[in-house]
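Novice: Input file: start29.cif. Contents: mmCIF, C-alpha atoms.
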```cif
data_work
loop_
_atom_site.label_atom_id
_atom_site.label_comp_id
_atom_site.auth_asym_id
_atom_site.auth_seq_id
_atom_site.Cartn_x
_atom_site.Cartn_y
_atom_site.Cartn_z
CA MET J 1 81.86 168.14 79.59
CA ARG J 2 79.83 165.23 80.98
CA GLY J 3 76.71 167.41 81.07
CA ARG J 4 77.08 168.26 77.42
CA LEU J 5 77.49 164.58 76.56
CA LEU J 6 74.36 163.62 78.49
CA ARG J 7 72.38 166.30 76.69
CA ARG J 8 73.71 164.97 73.40
CA ARG J 9 72.51 161.49 74.39
CA ALA J 10 69.05 162.84 75.12
CA VAL J 11 68.88 164.43 71.70
CA ALA J 12 70.00 161.14 70.10
CA ARG J 13 67.07 159.21 71.53
CA ALA J 14 64.72 161.46 69.57
CA LEU J 15 66.39 160.80 66.23
CA VAL J 16 64.74 158.31 63.88
CA LEU J 17 66.64 156.68 61.05
CA THR J 18 64.36 156.02 58.08
CA VAL J 19 66.25 153.88 55.63
CA LEU J 20 63.64 154.26 52.89
CA VAL J 21 60.66 156.40 52.05
CA VAL J 22 57.27 154.82 52.76
CA GLY J 23 55.89 153.42 49.49
CA ALA J 24 52.99 151.51 48.10
CA VAL J 25 51.29 148.45 49.59
CA LEU J 26 52.62 144.95 49.07
CA ALA J 27 51.94 143.33 45.71
CA PHE J 28 52.68 139.73 44.88
CA ALA J 29 52.85 138.02 41.50
CA PRO J 30 51.17 134.58 41.47
CA PRO J 31 54.14 132.39 40.50
CA VAL J 32 56.92 131.68 42.99
CA LEU J 33 60.18 129.83 42.60
CA ALA J 34 60.16 126.42 44.22
CA SER J 35 63.73 126.98 45.45
CA GLY J 36 63.08 130.41 47.07
CA PRO J 37 60.87 131.64 49.89
CA THR J 38 57.14 131.34 49.30
CA THR J 39 55.98 133.68 52.07
CA LEU J 40 57.09 137.11 53.22
CA GLY J 41 58.70 137.14 56.65
CA ARG J 42 61.85 137.65 58.63
CA THR J 43 63.74 136.26 61.55
CA GLY J 44 63.82 138.08 64.86
CA TRP J 45 66.79 140.32 65.58
CA GLN J 46 69.99 138.57 66.59
CA VAL J 47 72.97 140.19 68.26
CA SER J 48 76.71 139.60 68.09
CA ARG J 49 79.49 141.43 69.94
CA PRO J 50 82.61 139.37 69.21
CA TYR J 51 85.29 142.07 69.65
CA ASP J 52 86.66 144.07 72.55
CA PRO J 53 86.70 147.89 72.39
CA VAL J 54 89.52 149.45 70.36
CA TYR J 55 91.41 152.73 70.31
CA THR J 56 90.85 154.95 67.28
CA PRO J 57 92.03 158.31 66.02
CA PHE J 58 90.10 161.27 67.36
CA PHE J 59 86.84 162.00 65.55
CA PRO J 60 85.02 165.25 66.39
CA ASP J 61 81.46 163.88 66.12
CA HIS J 62 79.72 160.99 67.84
CA GLY J 63 78.99 158.14 65.41
CA ASP J 64 81.33 159.58 62.79
CA PRO J 65 81.51 157.19 59.77
CA GLY J 66 85.26 157.08 60.24
CA PHE J 67 84.85 154.93 63.36
CA TYR J 68 83.68 151.97 61.21
CA ASN J 69 87.10 151.73 59.62
CA TYR J 70 88.37 150.39 62.95
CA ILE J 71 86.11 147.37 63.37
CA PRO J 72 88.66 144.89 64.81
CA GLY J 73 87.76 141.95 62.56
CA PRO J 74 85.39 140.74 59.85
CA ILE J 75 81.66 141.33 60.13
CA PRO J 76 80.19 138.10 61.60
CA GLY J 77 78.72 135.91 58.85
CA ALA J 78 75.04 135.06 58.84
CA THR J 79 75.67 131.69 60.50
CA ASP J 80 78.54 132.73 62.74
CA ALA J 81 78.51 131.05 66.15
CA SER J 82 78.62 134.44 67.90
CA TRP J 83 74.99 135.27 67.06
CA SER J 84 72.34 134.94 69.76
CA ASP J 85 68.63 135.71 69.68
CA CYS J 86 67.41 139.00 71.11
CA GLY J 87 64.79 138.60 73.82
CA PRO J 88 64.12 138.93 77.55
CA ALA J 89 66.91 136.50 78.38
CA ASN J 90 69.53 138.47 76.42
CA ALA J 91 71.28 141.24 78.36
CA LEU J 92 72.25 143.09 75.17
CA CYS J 93 68.83 143.28 73.47
CA GLN J 94 65.50 142.58 75.15
CA ASP J 95 63.16 142.34 72.16
CA ALA J 96 63.49 140.20 69.00
CA ASP J 97 60.97 142.48 67.28
CA THR J 98 62.46 145.93 68.03
CA VAL J 99 65.98 145.18 69.45
CA ASP J 100 65.48 147.31 72.63
CA MET J 101 69.15 147.78 73.50
CA TYR J 102 69.04 150.38 76.29
CA MET J 103 72.08 150.38 78.53
CA PRO J 104 72.50 153.84 80.11
CA TYR J 105 75.28 152.50 82.32
CA GLY J 106 76.33 149.59 80.17
CA SER J 107 79.15 151.08 78.11
CA ARG J 108 82.38 149.09 78.03
CA LEU J 109 84.40 152.24 77.25
CA TYR J 110 84.97 153.38 80.83
CA GLY J 111 88.68 154.13 80.98
CA TYR J 112 88.87 154.69 77.21
CA PRO J 113 89.17 158.22 75.76
CA CYS J 114 85.88 159.65 74.50
CA LEU J 115 85.71 160.03 70.70
CA SER J 116 89.06 158.22 70.38
CA SER J 117 87.80 154.69 71.01
CA ALA J 118 84.96 152.51 69.79
CA ASP J 119 82.92 149.46 70.77
CA PHE J 120 80.92 147.69 68.03
CA THR J 121 77.72 145.64 68.34
CA PHE J 122 76.07 143.90 65.37
CA PHE J 123 72.39 143.10 64.79
CA GLN J 124 70.96 141.03 61.94
CA SER J 125 67.60 139.87 60.59
CA LEU J 126 67.05 137.61 57.58
CA VAL J 127 64.20 138.86 55.38
CA SER J 128 62.46 136.36 53.06
CA ILE J 129 60.96 138.06 49.99
CA PRO J 130 58.97 135.79 47.64
CA ASP J 131 59.76 135.86 43.94
CA GLY J 132 57.53 138.27 42.04
CA THR J 133 57.18 140.74 44.93
CA ASP J 134 56.98 144.35 43.72
CA ILE J 135 59.49 146.08 45.99
CA THR J 136 58.73 149.80 45.86
CA GLN J 137 60.02 150.67 49.32
CA PHE J 138 62.28 149.10 51.89
CA SER J 139 63.36 150.64 55.18
CA VAL J 140 64.87 150.00 58.56
CA ASN J 141 63.52 152.63 60.95
CA MET J 142 65.63 153.22 64.08
CA SER J 143 65.72 155.50 67.10
CA GLY J 144 67.77 155.82 70.23
CA ALA J 145 71.03 155.00 68.44
CA ASP J 146 73.90 155.96 70.75
CA ASP J 147 76.41 156.85 69.39
CA GLY J 148 75.77 155.81 65.80
CA ALA J 149 74.48 153.07 63.54
CA ARG J 150 75.00 151.88 59.98
CA VAL J 151 72.80 149.66 57.79
CA SER J 152 74.19 147.23 55.20
CA ILE J 153 72.39 144.76 52.92
CA TYR J 154 73.56 141.28 51.82
CA ASN J 155 72.00 139.27 48.99
CA SER J 156 72.98 137.54 45.73
CA SER J 157 73.59 140.90 44.06
CA TYR J 158 75.71 142.11 46.97
CA PRO J 159 77.26 139.03 48.59
CA ASP J 160 79.94 141.16 50.30
CA GLY J 161 77.41 143.69 51.57
CA LEU J 162 76.11 147.01 50.26
CA ILE J 163 76.83 150.15 52.28
CA LEU J 164 75.57 153.35 50.71
CA ALA J 165 77.02 156.77 51.46
CA GLY J 166 73.79 157.74 53.18
CA SER J 167 73.51 154.59 55.32
CA TYR J 168 74.76 156.17 58.56
CA ILE J 169 73.04 157.75 61.57
CA GLN J 170 75.00 159.88 64.00
CA LEU J 171 74.23 161.15 67.46
CA VAL J 172 74.68 164.80 66.44
CA GLY J 173 74.78 166.46 63.04
CA GLY J 174 73.71 163.40 61.07
CA THR J 175 70.74 162.87 58.77
CA GLY J 176 67.53 161.23 59.95
CA SER J 177 67.22 158.75 57.10
CA THR J 178 69.38 156.85 54.69
CA THR J 179 69.14 156.45 50.94
CA ASP J 180 66.23 154.38 49.61
CA LEU J 181 67.35 150.73 49.54
CA SER J 182 64.45 149.27 47.54
CA PRO J 183 66.46 149.19 44.25
CA TYR J 184 69.02 146.98 45.93
CA MET J 185 66.74 144.32 47.40
CA VAL J 186 66.33 140.98 45.57
CA ALA J 187 63.01 139.13 45.42
CA GLY J 188 62.97 135.35 45.40
CA GLU J 189 65.59 134.94 48.12
CA VAL J 190 66.55 135.78 51.70
CA ASN J 191 68.04 139.27 52.09
CA ARG J 192 70.24 139.85 55.12
CA VAL J 193 69.81 143.17 56.93
CA LEU J 194 72.77 144.06 59.16
CA ILE J 195 73.02 146.96 61.62
CA THR J 196 76.43 147.90 62.97
CA GLN J 197 76.05 150.02 66.11
CA VAL J 198 79.01 151.99 67.48
CA ASP J 199 79.58 153.30 71.00
CA ASP J 200 82.34 155.94 71.12
CA CYS J 201 82.05 157.42 74.62
CA ALA J 202 81.52 155.88 78.06
CA VAL J 203 78.13 157.40 78.95
CA GLY J 204 75.66 154.83 77.60
CA ASN J 205 75.28 152.23 74.85
CA ASN J 206 71.88 152.10 73.13
CA LEU J 207 69.90 151.08 70.09
CA GLN J 208 66.40 151.33 71.46
CA TYR J 209 64.30 150.67 68.35
CA ALA J 210 64.72 149.05 64.94
CA GLN J 211 61.89 147.91 62.67
CA ILE J 212 61.89 146.70 59.05
CA PHE J 213 59.31 148.00 56.56
CA LEU J 214 58.45 146.73 53.08
CA ASN J 215 56.20 148.90 50.91
CA GLY J 216 55.12 150.84 53.98
CA THR J 217 54.18 147.81 56.08
CA VAL J 218 56.12 146.50 59.06
CA ILE J 219 57.54 143.01 58.53
CA PRO J 220 57.20 141.43 61.96
CA PRO J 221 59.46 138.53 62.84
CA ALA J 222 57.95 135.11 62.54
CA PRO J 223 56.72 133.65 65.82
CA THR J 224 59.07 131.38 67.71
CA ASP J 225 59.03 128.17 65.83
CA THR J 226 60.19 124.95 67.45
CA THR J 227 58.64 122.68 64.82
CA PRO J 228 61.03 121.40 62.11
CA PRO J 229 60.07 121.40 58.44
CA VAL J 230 58.08 118.50 57.01
CA ASP J 231 58.34 116.97 53.56
CA ALA J 232 56.10 115.12 51.12
CA PRO J 233 58.58 113.38 48.78
CA VAL J 234 57.48 112.51 45.26
CA VAL J 235 59.58 110.06 43.22
CA THR J 236 59.74 110.71 39.47
CA PRO J 237 59.39 108.55 37.50
CA ALA J 238 57.49 106.21 39.78
CA ALA J 239 58.76 102.63 40.10
CA ASN J 240 57.09 99.97 37.98
CA GLY J 241 54.98 97.16 39.37
CA ASN J 242 58.12 95.24 40.31
CA GLY J 243 59.46 98.15 42.34
CA TRP J 244 62.23 99.08 39.88
CA ASN J 245 63.21 101.99 37.63
CA ASN J 246 65.34 101.69 34.50
CA SER J 247 66.48 105.34 34.48
CA ASP J 248 67.78 107.91 36.95
CA VAL J 249 65.21 108.88 39.57
CA THR J 250 64.48 112.35 40.94
CA VAL J 251 62.96 112.91 44.36
CA ASN J 252 61.19 116.26 44.83
CA TRP J 253 61.05 116.62 48.59
CA HIS J 254 58.41 119.39 48.84
CA TRP J 255 59.65 120.70 52.21
CA THR J 256 57.26 123.09 53.97
CA ASP J 257 57.30 124.87 57.30
CA SER J 258 54.24 126.43 58.90
CA GLY J 259 56.20 128.57 61.34
CA SER J 260 59.17 130.69 60.32
CA GLY J 261 59.29 129.33 56.76
CA ILE J 262 61.88 127.36 54.83
CA ASP J 263 65.43 128.68 54.64
CA PRO J 264 66.16 128.14 50.92
CA ALA J 265 69.91 128.42 51.44
CA HIS J 266 69.84 125.39 53.73
CA CYS J 267 67.17 123.18 52.20
CA VAL J 268 67.63 120.49 49.55
CA GLN J 269 64.38 120.41 47.58
CA SER J 270 65.42 117.96 44.85
CA SER J 271 67.75 114.95 44.64
CA THR J 272 68.62 112.81 41.60
CA SER J 273 70.06 109.31 41.70
CA ALA J 274 73.31 108.28 40.06
CA GLY J 275 74.38 104.72 39.39
CA GLU J 276 72.45 101.50 39.82
CA GLY J 277 71.21 99.20 42.55
CA ALA J 278 69.39 100.04 45.78
CA LEU J 279 70.17 103.75 46.11
CA THR J 280 69.33 105.96 49.09
CA LEU J 281 68.58 109.63 48.37
CA SER J 282 68.61 112.00 51.33
CA SER J 283 67.66 115.60 52.07
CA THR J 284 68.09 117.91 55.01
CA CYS J 285 66.06 121.10 55.38
CA GLN J 286 66.28 123.95 57.84
CA ASP J 287 63.71 126.62 58.56
CA LEU J 288 64.44 130.27 59.29
CA ALA J 289 64.26 129.57 63.01
CA GLY J 290 67.09 127.06 62.76
CA ASN J 291 65.00 123.90 63.16
CA SER J 292 66.24 121.07 60.97
CA ALA J 293 64.77 117.84 59.62
CA SER J 294 66.06 115.07 57.39
CA ASP J 295 64.47 112.38 55.28
CA SER J 296 65.61 109.65 52.89
CA VAL J 297 64.07 107.53 50.16
CA THR J 298 65.48 104.29 48.77
CA VAL J 299 64.97 103.61 45.07
CA ASN J 300 65.89 100.58 42.98
CA VAL J 301 67.55 101.45 39.68
CA ASP J 302 68.61 98.99 36.97
CA LYS J 303 69.64 100.63 33.69
CA THR J 304 71.44 97.56 32.28
CA ALA J 305 69.68 95.20 29.88
CA PRO J 306 69.71 91.43 30.52
CA VAL J 307 72.31 89.31 28.75
CA VAL J 308 71.20 86.53 26.40
CA SER J 309 74.02 84.08 25.64
CA TYR J 310 74.49 80.78 23.78
CA SER J 311 76.95 78.06 24.71
CA GLY J 312 78.03 74.78 23.11
CA ASN J 313 78.07 76.03 19.51
CA ALA J 314 80.73 74.17 17.47
CA GLY J 315 80.29 76.57 14.58
CA THR J 316 80.32 74.06 11.68
CA TYR J 317 78.73 70.63 11.73
CA SER J 318 78.86 67.69 9.31
CA LEU J 319 75.59 65.95 8.42
CA THR J 320 76.00 63.20 11.00
CA GLN J 321 77.11 65.36 13.93
CA SER J 322 74.75 66.36 16.74
CA VAL J 323 73.94 70.02 17.44
CA SER J 324 73.57 70.88 21.14
CA ILE J 325 73.44 74.63 21.83
CA THR J 326 72.13 75.99 25.14
CA CYS J 327 70.46 79.41 25.51
CA SER J 328 70.49 81.27 28.84
CA ALA J 329 69.36 84.74 30.06
CA SER J 330 70.78 86.54 33.09
CA ASP J 331 70.50 89.91 34.83
CA ALA J 332 72.76 90.95 37.69
CA LEU J 333 70.43 93.52 39.31
CA SER J 334 66.66 93.26 39.08
CA GLY J 335 66.65 89.75 37.59
CA VAL J 336 65.03 88.25 34.49
CA VAL J 337 61.24 88.06 34.51
CA SER J 338 60.69 86.71 30.99
CA ASN J 339 62.67 85.41 28.02
CA THR J 340 62.26 83.62 24.70
CA CYS J 341 65.32 81.39 25.09
CA ALA J 342 65.15 77.95 23.46
CA ASN J 343 67.89 75.34 23.28
CA VAL J 344 68.95 74.08 19.86
CA SER J 345 69.52 70.33 19.62
CA GLY J 346 69.25 67.52 17.09
CA PRO J 347 71.19 65.86 14.27
CA ALA J 348 72.82 68.42 12.02
CA TRP J 349 71.17 67.00 8.88
CA SER J 350 67.74 67.77 10.38
CA PHE J 351 68.42 71.54 10.20
CA GLY J 352 69.23 71.43 6.51
CA PRO J 353 72.41 72.58 4.78
CA GLY J 354 73.92 76.07 5.11
CA ILE J 355 73.97 78.79 7.80
CA HIS J 356 71.37 78.81 10.57
CA THR J 357 70.84 81.75 12.97
CA VAL J 358 68.84 81.58 16.20
CA SER J 359 68.04 84.50 18.51
CA ALA J 360 66.20 85.24 21.76
CA SER J 361 65.30 88.20 23.97
CA ALA J 362 64.90 88.70 27.72
CA THR J 363 63.25 91.35 29.92
CA ASP J 364 64.30 92.14 33.49
CA ALA J 365 62.18 93.35 36.40
CA ALA J 366 63.09 96.97 35.63
CA GLY J 367 61.73 96.71 32.09
CA ASN J 368 65.06 96.58 30.25
CA THR J 369 65.13 94.24 27.24
CA GLY J 370 68.23 92.53 25.90
CA SER J 371 68.78 90.08 23.06
CA GLY J 372 71.37 87.70 21.72
CA SER J 373 71.92 85.38 18.77
CA THR J 374 74.23 82.71 17.45
CA SER J 375 74.84 81.05 14.04
CA PHE J 376 76.04 77.64 12.96
CA THR J 377 76.67 75.98 9.59
CA VAL J 378 75.69 72.52 8.39
CA ALA J 379 78.30 71.47 5.82
CA VAL J 380 77.72 68.80 3.12
CA ASP J 381 80.58 66.62 1.83
CA ALA J 382 80.85 63.05 0.45
CA THR J 383 82.09 61.61 3.74
CA GLY J 384 79.25 63.10 5.75
CA LEU J 385 76.66 62.10 3.18
CA CYS J 386 77.99 58.55 3.23
CA GLY J 387 77.63 58.51 7.00
CA LEU J 388 74.04 59.66 6.66
CA VAL J 389 73.37 56.88 4.11
CA GLN J 390 74.69 54.37 6.61
CA GLU J 391 72.33 55.79 9.29
CA PHE J 392 69.34 55.59 6.98
CA VAL J 393 69.99 52.23 5.23
CA ALA J 394 70.07 49.12 7.35
CA ASN J 395 71.11 46.89 4.46
CA HIS J 396 74.91 46.98 4.47
CA GLY J 397 75.24 46.02 0.82
CA ILE J 398 72.92 48.80 -0.41
CA ALA J 399 74.56 51.34 1.89
CA ASN J 400 78.01 50.32 0.65
CA SER J 401 76.91 50.59 -3.00
CA LEU J 402 75.63 54.14 -2.45
CA CYS J 403 78.81 55.16 -0.57
CA VAL J 404 81.02 53.78 -3.39
CA LYS J 405 79.26 56.09 -5.85
CA LEU J 406 79.72 59.08 -3.50
CA ASP J 407 83.40 58.27 -3.08
CA ALA J 408 83.86 57.99 -6.84
CA ALA J 409 82.20 61.39 -7.34
CA ALA J 410 84.50 62.95 -4.74
CA THR J 411 87.59 61.44 -6.39
CA ALA J 412 86.49 62.74 -9.81
CA ALA J 413 85.90 66.19 -8.36
CA ALA J 414 89.36 66.20 -6.83
CA ARG J 415 90.85 65.39 -10.27
CA GLY J 416 88.78 68.06 -11.97
CA GLN J 417 86.75 65.46 -13.87
CA SER J 418 83.40 67.22 -13.68
CA LYS J 419 81.66 64.99 -16.22
CA THR J 420 82.69 61.84 -14.41
CA LYS J 421 81.56 63.41 -11.14
CA ALA J 422 78.18 64.21 -12.61
CA ASN J 423 77.78 60.65 -13.90
CA ASP J 424 78.67 59.20 -10.50
CA LEU J 425 76.18 61.49 -8.71
CA ASN J 426 73.51 60.68 -11.26
CA ALA J 427 74.09 56.98 -10.61
CA PHE J 428 73.76 57.75 -6.85
CA ASP J 429 70.46 59.54 -7.36
CA ASN J 430 69.06 56.71 -9.52
CA GLU J 431 69.90 54.09 -6.92
CA VAL J 432 68.42 56.24 -4.12
CA GLN J 433 65.21 56.66 -6.07
CA ALA J 434 65.12 52.91 -6.75
CA GLN J 435 65.31 52.27 -2.96
CA SER J 436 62.62 54.83 -2.12
CA GLY J 437 59.87 52.97 -0.30
CA LYS J 438 62.15 49.99 0.16
CA ALA J 439 65.51 50.40 1.93
CA LEU J 440 64.73 54.14 2.27
CA THR J 441 61.60 56.02 3.13
CA ALA J 442 60.44 58.56 0.58
CA GLY J 443 61.52 61.35 2.92
CA GLN J 444 64.97 59.89 3.41
CA ALA J 445 65.41 59.44 -0.30
CA ALA J 446 64.44 63.08 -0.96
CA LEU J 447 66.97 64.32 1.61
CA LEU J 448 69.80 62.24 0.16
CA VAL J 449 69.11 63.57 -3.35
CA GLN J 450 68.95 67.18 -1.95
CA PHE J 451 72.28 66.83 -0.17
CA ALA J 452 73.96 65.09 -3.15
CA ALA J 453 73.10 68.07 -5.32
CA LEU J 454 75.32 70.22 -3.09
CA LEU J 455 78.48 68.14 -3.65
#
```
Give the structure from this file in structure tokens form.
Specialist:
Amino acid sequence: MRGRLLRRRAVARALVLTVLVVGAVLAFAPPVLASGPTTLGRTGWQVSRPYDPVYTPFFPDHGDPGFYNYIPGPIPGATDASWSDCGPANALCQDADTVDMYMPYGSRLYGYPCLSSADFTFFQSLVSIPDGTDITQFSVNMSGADDGARVSIYNSSYPDGLILAGSYIQLVGGTGSTTDLSPYMVAGEVNRVLITQVDDCAVGNNLQYAQIFLNGTVIPPAPTDTTPPVDAPVVTPAANGNGWNNSDVTVNWHWTDSGSGIDPAHCVQSSTSAGEGALTLSSTCQDLAGNSASDSVTVNVDKTAPVVSYSGNAGTYSLTQSVSITCSASDALSGVVSNTCANVSGPAWSFGPGIHTVSASATDAAGNTGSGSTSFTVAVDATGLCGLVQEFVANHGIANSLCVKLDAAATAAARGQSKTKANDLNAFDNEVQAQSGKALTAGQAALLVQFAALL
């Protein structure tokens, strides 16, 4: 029995699994997505063997597809902690390029029944395919698979993995190649290639060769890369001369990696601010070799316009009252750099009768502009006009004579005696004109006549 098994193992080492038919040469379209890989490449093979051997029902053939139904747990995820790099220091696989798992005496199934037990080992490589690549052929070529192997593909179209009916190789009686997988690959992202190798009899445990081909050309793994990605951040829009922005800011990090290439699934290429003040935007980027780098940029954002306000406004003023209104401009973030504020002050009569509106604007360091205004009214009545007469006329007798006429006009108006009121105001105007250039200046006389006409 053991002799027959050894002969079967010898035959297995000659089998070659061709996942796809060799196709045309690589062809790339000029444009590439900024968020996806920009260069073709792959990571070296990694290995994971997280589960102990298990008992299974009896299967008559080595590497029978039925064995895979008894994998003890979930397939390790792409970033599972159980993965380790293949290479000379790894006892399971000696070569990151070709796997080179050759363990003629390394089976863990000693003591387990042959063809009724299974031990599973997983291998993965992450293949970066730039957007626009014409994928006419994709293959994983294998040999020396003892006792069987299965290929599955993971990408955005098949996040849970694609396993085709023809994706299996068996030690005896199986086909030498699987179905063409090129229709199932996705350009513009990282496609995960996973090999599940099964050992079902305690004679040896091998997967001696595995290579990945795209359009007939081997995709070698990127060289060992210990250098983390580097970035060249560009802030848009750029800050003004004061170092401020008045809108949200986007930082395009422009991460690049000269070794294994950027891992688009673990690289933030763009960040946009939210809110106001001194804001720090950060990005972390990882390459396909697992090296990571971080960077941050601080931007000053002020989207709020300055406030222009007026204080001290009484609203309505009589002719002899004083107006004293103060204008101020403020900005809580970037600060005011210019404004047109002007205080309003002076005797009410100097502004003239009626409603007066004043306004001002202010600009902050971020370039936001705000404005404000206020209104006040100068009211004219007999009492106020009398007070103004007394301010203008130093001669008490003349001032009193003019005020008597204003009082008489007000009394007539209150009684509805419009003709009497008119006569009294006419007498006031005549006396004012008579004092023009004497007790009153010409300007004062003109103002008193103007105000009297509003009574």
Novice: Report as a tab-separated table: every residue of region 209-251 of chain J with an atom at most 7 Å from region 275-295 of chain J, its closest pair of atoms, and their distance in Å to one decimal, counting only C-alpha atoms, with rows sorted by chain and ascending residue number.
Specialist:
```
residue	atom	partner	partner_atom	distance
J:Asp225	CA	J:Ala289	CA	6.1
J:Thr226	CA	J:Asn291	CA	6.5
J:Thr227	CA	J:Asn291	CA	6.7
J:Pro228	CA	J:Asn291	CA	4.8
J:Pro229	CA	J:Ala293	CA	6.0
```
Novice: Could you write those residues out with C-alpha atoms, as a JSON list (two decimals), in the frame of the given file?
Specialist:
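Heads up, here's the output in out_20.json:
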```json
[["chain", "number", "residue", "atom", "x", "y", "z"],
["J", 225, "ASP", "CA", 59.03, 128.17, 65.83],
["J", 226, "THR", "CA", 60.19, 124.95, 67.45],
["J", 227, "THR", "CA", 58.64, 122.68, 64.82],
["J", 228, "PRO", "CA", 61.03, 121.40, 62.11],
["J", 229, "PRO", "CA", 60.07, 121.40, 58.44]]
```
Novice: From the set J:Ile355, J:Ala78, J:Leu171, J:Ala414, which residue has the shortest atom-to-atom contact distance to Gly144 (chain J), counting all atoms listed in the file?
Specialist: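 Nearest candidate to Gly144 (chain J) out of J:Ile355, J:Ala78, J:Leu171, J:Ala414: J:Leu171.
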Novice: To verify the selection step, state as a CSV table (one decimal) with C-alpha atoms, keeping the file's coordinate frame which residues the PyMOL selection byres ((chain J and resi 316) around 8) yields on this input.
Specialist:
```
chain,number,residue,atom,x,y,z
J,314,ALA,CA,80.7,74.2,17.5
J,315,GLY,CA,80.3,76.6,14.6
J,317,TYR,CA,78.7,70.6,11.7
J,318,SER,CA,78.9,67.7,9.3
J,376,PHE,CA,76.0,77.6,13.0
J,377,THR,CA,76.7,76.0,9.6
J,378,VAL,CA,75.7,72.5,8.4
J,379,ALA,CA,78.3,71.5,5.8
```
Novice: Translate the PyMOL selection byres ((chain J and resi 140) around 6), as applied to the file shown, into an explicit residue set as a PyMOL selection string.
Specialist: chain J and resi 19+139+141+211-212
Novice: Could you check how far CA of Val251 (chain J) sits from CA of Pro37 (chain J), in Å to one decimal?
Specialist: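 CA of Pro37 (chain J) lies 19.6 Å from CA of Val251 (chain J).
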Novice: For the structure provided, state which residues fall under the PyMOL selection byres ((chain J and resi 126) around 8), and present them as a CSV table (one decimal) with C-alpha atoms, in the coordinates of the input.
Specialist:
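Written output follows (result15.csv):
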```
chain,number,residue,atom,x,y,z
J,42,ARG,CA,61.8,137.6,58.6
J,43,THR,CA,63.7,136.3,61.6
J,44,GLY,CA,63.8,138.1,64.9
J,124,GLN,CA,71.0,141.0,61.9
J,125,SER,CA,67.6,139.9,60.6
J,127,VAL,CA,64.2,138.9,55.4
J,128,SER,CA,62.5,136.4,53.1
J,190,VAL,CA,66.6,135.8,51.7
J,191,ASN,CA,68.0,139.3,52.1
J,192,ARG,CA,70.2,139.8,55.1
J,193,VAL,CA,69.8,143.2,56.9
J,288,LEU,CA,64.4,130.3,59.3
```
Novice: One decimal, Å: what's the distance from CA of Gly73 (chain J) over to CA of Tyr55 (chain J), could you say?
Specialist: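 According to the coordinates, CA of Gly73 (chain J) and CA of Tyr55 (chain J) are separated by 13.8 Å.
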Novice: I'd like the neighbourhood of Asn395 (chain J) as a compact mmCIF listing (two decimals) with C-alpha atoms, keeping the file's coordinate frame, where a residue qualifies if any of its atoms comes within 9 Å (using only C-alpha atoms), though same-chain residues fewer than 5 positions away should be ignored.
Specialist:
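Now in result-v1.txt:
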```
# COMPACT_ATOMS: atom_id res chain seq x y z
CA GLN J 390 74.69 54.37 6.61
CA ASN J 400 78.01 50.32 0.65
CA ALA J 439 65.51 50.40 1.93
```
Novice: Might you pull out every residue within 10 Å of Val234 (chain J), with all atoms listed in the file counted and same-chain residues fewer than 3 positions away left off, and present them as a PyMOL selection string?
Specialist: chain J and resi 231+237-238+250-254+270+297
Novice: Neighbourhood query: residues within 7 Å of (76.8, 148.8, 68.3), file coordinates, counting only C-alpha atoms; return as a ChimeraX atom specification.
Specialist: /J:119-122,149,196-199
Novice: Counting all atoms listed in the file, which residues sit no farther than 10 Å from the position (53.7, 129.5, 57.5) in the file's frame? I'd like them as number ranges by chain.
Specialist: J: 38-41, 222-223, 225, 256-262
Novice: Any idea what the distance is between CA of Asp180 (chain J) and CA of Ser152 (chain J)?
Specialist: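 Between CA of Asp180 (chain J) and CA of Ser152 (chain J) the gap is 12.1 Å.
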Novice: Set the distance at 6 Å and use all atoms listed in the file: which residues neighbour Ile129 (chain J) once local chain neighbours fewer than 6 positions away are removed? I'd like the list as a list in words.
Specialist: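 Contacts, in chain order: Leu40, Ala187, Gly188 and Glu189 of chain J.
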Novice: Rank nothing, just name the residue among J:Ala410, J:Val54, J:Ile219, J:Leu425 nearest to Pro72 (chain J), using all atoms listed in the file.
Specialist: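 Between J:Ala410, J:Val54, J:Ile219, J:Leu425, the residue approaching Pro72 (chain J) most closely is J:Val54.
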Novice: If I only have part of region 280-285 of chain J, can you fill in N, CA and C atoms and write it as a compact mmCIF listing (two decimals), in the frame of the given file?
Specialist:
```txt
# COMPACT_ATOMS: atom_id res chain seq x y z
N THR J 280 70.01 105.15 48.08
CA THR J 280 69.33 105.96 49.09
C THR J 280 69.58 107.43 48.80
N LEU J 281 68.51 108.18 48.58
CA LEU J 281 68.58 109.63 48.37
C LEU J 281 68.14 110.32 49.64
N SER J 282 68.89 111.34 50.06
CA SER J 282 68.61 112.00 51.33
C SER J 282 68.51 113.51 51.15
N SER J 283 67.80 114.14 52.07
CA SER J 283 67.66 115.60 52.07
C SER J 283 67.57 116.09 53.50
N THR J 284 68.21 117.23 53.73
CA THR J 284 68.09 117.91 55.01
C THR J 284 67.58 119.32 54.74
N CYS J 285 66.66 119.78 55.58
CA CYS J 285 66.06 121.10 55.38
C CYS J 285 65.99 121.83 56.71
```
